[in-house]
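Have a look at query.cif below; it lists mmCIF, C-alpha atoms.
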```
data_work
loop_
_atom_site.label_atom_id
_atom_site.label_comp_id
_atom_site.auth_asym_id
_atom_site.auth_seq_id
_atom_site.Cartn_x
_atom_site.Cartn_y
_atom_site.Cartn_z
CA MET A 1 212.02 12.74 192.99
CA SER A 2 215.21 11.66 191.23
CA PHE A 3 217.63 14.06 189.56
CA GLN A 4 216.46 12.97 186.10
CA GLU A 5 212.82 13.65 186.99
CA LYS A 6 213.69 17.05 188.43
CA ARG A 7 215.68 17.82 185.27
CA SER A 8 212.62 16.94 183.14
CA VAL A 9 210.42 19.26 185.23
CA VAL A 10 212.98 22.08 184.90
CA SER A 11 213.15 21.48 181.16
CA LEU A 12 209.35 21.65 180.94
CA ILE A 13 209.23 24.90 182.91
CA SER A 14 212.04 26.45 180.88
CA THR A 15 210.39 25.40 177.60
CA VAL A 16 207.14 27.09 178.62
CA LEU A 17 208.85 30.21 180.02
CA ILE A 18 211.14 30.76 177.04
CA SER A 19 208.41 30.05 174.48
CA VAL A 20 205.84 32.31 176.13
CA GLY A 21 208.40 35.08 176.75
CA TYR A 22 209.92 35.07 173.28
CA LEU A 23 206.71 34.60 171.34
CA SER A 24 204.74 37.23 173.27
CA TYR A 25 207.60 39.69 172.59
CA MET A 26 207.55 38.82 168.87
CA PHE A 27 203.76 39.01 168.60
CA GLN A 28 203.91 42.42 170.25
CA ARG A 29 206.50 43.52 167.69
CA ALA A 30 204.31 42.19 164.88
CA GLN A 31 201.36 44.21 166.12
CA GLU A 32 203.50 47.34 166.44
CA GLY A 33 204.40 47.07 162.76
CA GLY A 34 207.58 45.00 162.91
CA GLY A 35 205.98 42.73 160.39
CA THR A 36 202.66 42.77 158.64
CA THR A 37 200.44 39.75 159.16
CA ASP A 38 201.33 38.44 155.70
CA ASP A 39 205.05 39.14 155.86
CA GLY A 40 206.60 35.70 155.36
CA ARG A 41 210.10 37.08 155.89
CA PHE A 42 209.23 38.36 159.36
CA TRP A 43 207.62 35.10 160.50
CA ALA A 44 210.44 32.99 159.06
CA ALA A 45 212.89 35.15 161.05
CA VAL A 46 210.77 34.61 164.16
CA ILE A 47 211.21 30.84 163.78
CA LEU A 48 214.92 31.04 162.93
CA ILE A 49 215.72 33.29 165.90
CA PHE A 50 213.54 31.15 168.16
CA ILE A 51 215.86 28.14 167.75
CA PRO A 52 219.08 29.68 169.20
CA VAL A 53 217.09 31.62 171.83
CA PHE A 54 215.44 28.35 172.90
CA ILE A 55 218.73 26.42 173.07
CA VAL A 56 220.70 29.12 174.90
CA GLY A 57 217.82 29.81 177.31
CA ASN A 58 217.49 26.11 178.10
CA VAL A 59 221.24 25.71 178.69
CA ILE A 60 221.32 28.71 181.05
CA LEU A 61 218.30 27.50 183.03
CA HIS A 62 219.77 24.01 183.31
CA ILE A 63 223.06 25.38 184.63
CA VAL A 64 221.16 27.46 187.19
CA PHE A 65 219.12 24.38 188.17
CA SER A 66 222.26 22.24 188.57
CA ILE A 67 223.90 24.82 190.82
CA ILE A 68 220.79 25.35 192.99
CA ASN A 69 220.09 21.61 193.19
CA THR A 70 223.65 20.83 194.27
CA LEU A 71 223.62 23.62 196.88
CA VAL A 72 220.23 22.63 198.33
CA THR A 73 220.30 18.83 198.21
CA ARG A 74 224.07 18.11 198.12
CA GLU A 75 223.10 15.54 195.50
CA GLN A 76 225.74 14.75 192.90
CA GLU A 77 224.60 15.16 189.31
CA PRO A 78 224.85 11.80 187.46
CA THR A 79 227.93 11.89 185.25
CA ILE A 80 226.84 9.02 183.03
CA THR A 81 224.02 8.51 180.59
CA ASP A 82 223.11 4.84 180.79
CA GLU A 83 220.90 2.60 178.63
CA PHE A 84 217.72 3.56 180.51
CA ASP A 85 218.41 7.28 180.05
CA LYS A 86 219.08 6.74 176.34
CA LEU A 87 215.86 4.75 175.87
CA VAL A 88 213.81 7.39 177.69
CA GLU A 89 215.42 10.12 175.58
CA LEU A 90 214.84 8.21 172.35
CA LYS A 91 211.15 7.62 173.08
CA ALA A 92 210.62 11.24 174.15
CA THR A 93 212.35 12.45 170.98
CA ARG A 94 210.18 10.11 168.90
CA ASN A 95 207.09 11.71 170.48
CA PHE A 96 208.52 15.16 169.66
CA TYR A 97 208.90 14.24 165.99
CA HIS A 98 205.44 12.68 165.75
CA ILE A 99 203.76 15.81 167.11
CA PHE A 100 205.95 18.15 165.09
CA MET A 101 205.23 16.23 161.87
CA ALA A 102 201.48 16.38 162.56
CA GLY A 103 201.80 20.15 163.09
CA PHE A 104 203.87 20.56 159.94
CA LEU A 105 201.30 18.67 157.86
CA LEU A 106 198.56 20.81 159.42
CA SER A 107 200.51 23.92 158.40
CA LEU A 108 200.51 22.65 154.79
CA VAL A 109 196.76 22.11 155.02
CA THR A 110 196.32 25.79 155.96
CA LEU A 111 198.15 26.78 152.76
CA VAL A 112 196.07 24.42 150.62
CA ALA A 113 192.92 25.80 152.25
CA GLY A 114 193.91 29.27 151.04
CA LEU A 115 194.54 30.79 154.46
CA PRO A 116 197.09 33.63 154.72
CA SER A 117 200.73 32.49 154.82
CA TYR A 118 201.27 33.81 158.35
CA VAL A 119 198.77 31.22 159.61
CA MET A 120 201.09 28.52 158.26
CA PHE A 121 204.02 30.01 160.22
CA LEU A 122 201.90 30.29 163.36
CA VAL A 123 200.94 26.62 163.09
CA VAL A 124 204.62 25.66 162.67
CA ILE A 125 205.59 27.71 165.74
CA ALA A 126 202.75 26.16 167.75
CA ALA A 127 203.82 22.69 166.59
CA VAL A 128 207.39 23.28 167.78
CA VAL A 129 206.26 24.52 171.19
CA VAL A 130 203.65 21.79 171.75
CA ALA A 131 206.08 19.10 170.57
CA ALA A 132 208.82 20.41 172.90
CA VAL A 133 206.39 20.47 175.85
CA MET A 134 205.22 16.94 175.05
CA GLN A 135 208.84 15.79 174.82
CA ASP A 136 209.50 17.00 178.36
CA ILE A 137 206.24 15.52 179.66
CA SER A 138 207.08 12.21 177.93
CA GLN A 139 210.49 12.16 179.55
CA LEU A 140 209.01 12.70 182.99
CA PHE A 141 206.34 10.07 182.30
CA TYR A 142 208.86 7.43 181.15
CA TYR A 143 211.17 8.08 184.10
CA ARG A 144 208.28 7.65 186.54
CA ARG A 145 206.37 4.83 184.86
CA GLY A 146 209.14 3.01 183.01
CA VAL A 147 209.73 2.09 179.39
CA MET D 1 202.96 1.60 181.67
CA ALA D 2 205.57 -1.04 180.85
CA HIS D 3 205.40 -3.58 183.62
CA SER D 4 207.46 -6.34 182.07
CA SER D 5 207.10 -10.06 182.57
CA ILE D 6 210.70 -10.15 183.81
CA ARG D 7 210.85 -10.43 187.57
CA ASN D 8 213.92 -9.90 189.74
CA THR D 9 215.11 -10.38 193.28
CA ILE D 10 217.49 -7.43 193.39
CA ARG D 11 215.79 -5.81 196.38
CA LYS D 12 216.21 -8.98 198.47
CA LEU D 13 219.74 -9.61 197.21
CA ARG D 14 220.80 -6.09 198.15
CA PHE D 15 219.39 -6.62 201.62
CA ASP D 16 221.29 -9.92 201.95
CA HIS D 17 224.53 -8.21 200.86
CA ASP D 18 224.97 -6.01 203.92
CA GLU D 19 222.02 -3.82 202.93
CA MET D 20 223.78 -2.59 199.85
CA THR D 21 222.28 0.70 198.69
CA GLN D 22 220.84 1.27 195.25
CA GLN D 23 223.58 3.81 194.62
CA GLN D 24 226.31 1.30 195.54
CA LEU D 25 224.87 -1.27 193.16
CA ALA D 26 224.47 1.36 190.46
CA ASP D 27 228.11 2.40 190.84
CA GLN D 28 229.30 -1.20 190.60
CA VAL D 29 227.41 -1.93 187.39
CA GLY D 30 227.92 1.49 185.80
CA VAL D 31 224.39 2.91 185.68
CA THR D 32 222.48 5.61 187.55
CA ARG D 33 220.48 4.95 190.72
CA GLN D 34 217.32 5.82 188.78
CA THR D 35 217.92 2.80 186.52
CA ILE D 36 218.28 0.43 189.48
CA VAL D 37 215.04 1.87 190.92
CA ALA D 38 213.24 1.25 187.61
CA ILE D 39 214.57 -2.32 187.34
CA GLU D 40 213.60 -3.16 190.93
CA LYS D 41 210.07 -1.86 190.40
CA GLY D 42 209.77 -3.90 187.20
CA ASN D 43 209.39 -0.73 185.14
CA TYR D 44 212.40 -1.49 182.99
CA SER D 45 213.89 -4.70 181.65
CA PRO D 46 217.67 -4.26 181.52
CA SER D 47 219.80 -5.28 178.58
CA LEU D 48 221.35 -8.73 178.74
CA GLU D 49 224.74 -7.16 179.41
CA LEU D 50 223.48 -5.15 182.37
CA ALA D 51 221.58 -8.16 183.72
CA PHE D 52 224.81 -10.19 183.68
CA ARG D 53 226.70 -7.38 185.37
CA ILE D 54 224.11 -7.21 188.16
CA ALA D 55 224.20 -10.99 188.63
CA ARG D 56 227.99 -10.88 188.77
CA VAL D 57 227.90 -8.35 191.61
CA PHE D 58 225.88 -10.82 193.69
CA ARG D 59 228.03 -13.75 192.46
CA LEU D 60 224.93 -15.61 191.29
CA PRO D 61 223.81 -17.12 188.00
CA LEU D 62 221.53 -14.89 185.97
CA GLU D 63 218.41 -16.99 186.53
CA GLN D 64 218.68 -16.54 190.29
CA VAL D 65 218.48 -12.79 189.88
CA PHE D 66 216.06 -12.52 186.96
CA SER D 67 213.18 -14.77 185.98
CA PHE D 68 210.72 -14.73 183.13
CA GLU D 69 207.01 -15.17 183.75
CA GLU D 70 205.03 -16.32 180.76
CA THR D 71 201.96 -14.17 180.15
CA ALA D 72 199.12 -14.76 177.74
CA PRO D 73 199.84 -13.12 174.36
#
```

Would you mind writing the file's structure down as structure tokens?
Amino acid sequence: MSFQEKRSVVSLISTVLISVGYLSYMFQRAQEGGGTTDDGRFWAAVILIFIPVFIVGNVILHIVFSIINTLVTREQEPTITDEFDKLVELKATRNFYHIFMAGFLLSLVTLVAGLPSYVMFLVVIAAVVVAAVMQDISQLFYYRRGV
Amino acid sequence: MAHSSIRNTIRKLRFDHDEMTQQQLADQVGVTRQTIVAIEKGNYSPSLELAFRIARVFRLPLEQVFSFEETAP
């Protein structure tokens, strides 16, 4: 497995770990009274805090991966991002946006259908997580199967 | 997924050039080894610029490194 493929796998694992960890903590807080089920402010804060937590968590896990990978395999991390890497990244990002947009539209449908506002926020959160997971899977797929 | 109709002889050319490694070729043309692997397998069609750079490494005209096979539309 190449470095890029390993990096995609690590990214996938870190996306799942951070999302599950953070969201289970926040749902626990919501149940303990941190926010009522229809408290839009609470759920908006959950999404806003999720973004920096996700980025910082991912950066930390990638640094840890780079160190461990270098120690174990003595493999040098590629210092360049070439045209193939850029194309893979672009296509994976495109997939992210497609899934996120579908989730966002679905969240609007929940509002139109008269469901409580927290359902809309839950759908948005789910869309972000699923889109991020699919982005990592897409990256791995394109590196293995080509573009 | 994207097996292109562009074929190449890079694997053979590397072998004929003192068994040049994929990493050595990648370093000479300024890409990662993963990209050379993808090109050799036919999973990625390189840009024209990269194709010329690869051909230049082997001191061959482009058409002796890459060829296009017409497929039914």

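Here the PyMOL selection byres ((chain A) within 7 of (chain D)) catches exactly these residues: Ser2, Pro78, Asp82, Phe84, Arg145, Gly146 and Val147 of chain A.
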
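Our summary of the geometry notes that CA of Leu61 in chain A is positioned 17.3 Å from CA of Ile137 in chain A.
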
Quick one: residues within 8 Å of range 54-56 of chain A, only C-alpha atoms counted, chain neighbours fewer than 5 positions away excluded, as a PDB file with C-alpha atoms, in the frame of the given file?
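The resulting file, out_0.pdb, is reproduced below:
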```pdb
ATOM      1  CA  THR A  15     210.390  25.400 177.600  1.00  0.00           C
ATOM      2  CA  ILE A  18     211.140  30.760 177.040  1.00  0.00           C
ATOM      3  CA  SER A  19     208.410  30.050 174.480  1.00  0.00           C
TER       4      SER A  19
END
```

Proximity to Glu49 in chain D - best of D:Glu69, D:Ser5, D:Leu62, D:Leu25, only C-alpha atoms: D:Leu62

Box for range 49-57 of chain D: with edges along x, y and z, all listed atoms inside and 4 Å added on each side, what are the centre and edge lengths in Å to one decimal, as JSON?
```
{"center_x": 224.8, "center_y": -8.1, "center_z": 185.5, "size_x": 14.4, "size_y": 13.8, "size_z": 20.2}
```

Have a look at D:Gln28, D:Phe68, D:Glu63, D:Phe58 and name the one nearest to Arg14 in chain D; count all atoms listed in the file. D:Phe58

Neighbour residues at most 7 Å from (208.3, 35.8, 166.9) (only C-alpha atoms) as an MDAnalysis selection string: chainID A and resid 22:23 25:27 43 46:47

CA of Ala127 in chain A to CA of Phe100 in chain A: how many Å, to one decimal? 5.2 Å

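The gap separating CA of Val59 in chain A from CA of Ser14 in chain A is 9.5 Å, in Å to one decimal.
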
With distances taken over all atoms listed in the file, the candidate from A:His62, A:Gln135, A:Thr70, A:Lys86 nearest His98 in chain A is A:Gln135

Within 12 Å of (198.4, 24.0, 154.7) in the file's own coordinates, which protein, DNA or RNA residues have an atom, counting only C-alpha atoms? List them as an NGL selection string. :A and (102-124)

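Residues matched by the PyMOL selection byres ((chain D and resi 7-12) around 6) in this structure: Ile6, Leu13, Arg14, Phe15, Val65, Phe66 and Ser67 of chain D.
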
Those same residues - C-alpha atoms - I'd like them written as an mmCIF file, keeping the file's coordinate frame.
```cif
data_model
loop_
_atom_site.group_PDB
_atom_site.id
_atom_site.type_symbol
_atom_site.label_atom_id
_atom_site.label_comp_id
_atom_site.auth_asym_id
_atom_site.auth_seq_id
_atom_site.Cartn_x
_atom_site.Cartn_y
_atom_site.Cartn_z
ATOM 1 C CA ILE D 6 210.700 -10.150 183.810
ATOM 2 C CA LEU D 13 219.740 -9.610 197.210
ATOM 3 C CA ARG D 14 220.800 -6.090 198.150
ATOM 4 C CA PHE D 15 219.390 -6.620 201.620
ATOM 5 C CA VAL D 65 218.480 -12.790 189.880
ATOM 6 C CA PHE D 66 216.060 -12.520 186.960
ATOM 7 C CA SER D 67 213.180 -14.770 185.980
#
```

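Taking all atoms listed in the file into account, Ile51 in chain A lies nearest to A:Ile125 out of the set A:Arg144, A:Leu12, A:Ile125, A:Glu77.
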
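In terms of minimum interatomic distance to Val129 in chain A, A:Ile99 ranks closest within A:Leu90, A:Ile99, A:Gln4, A:Ile80, counting only C-alpha atoms.
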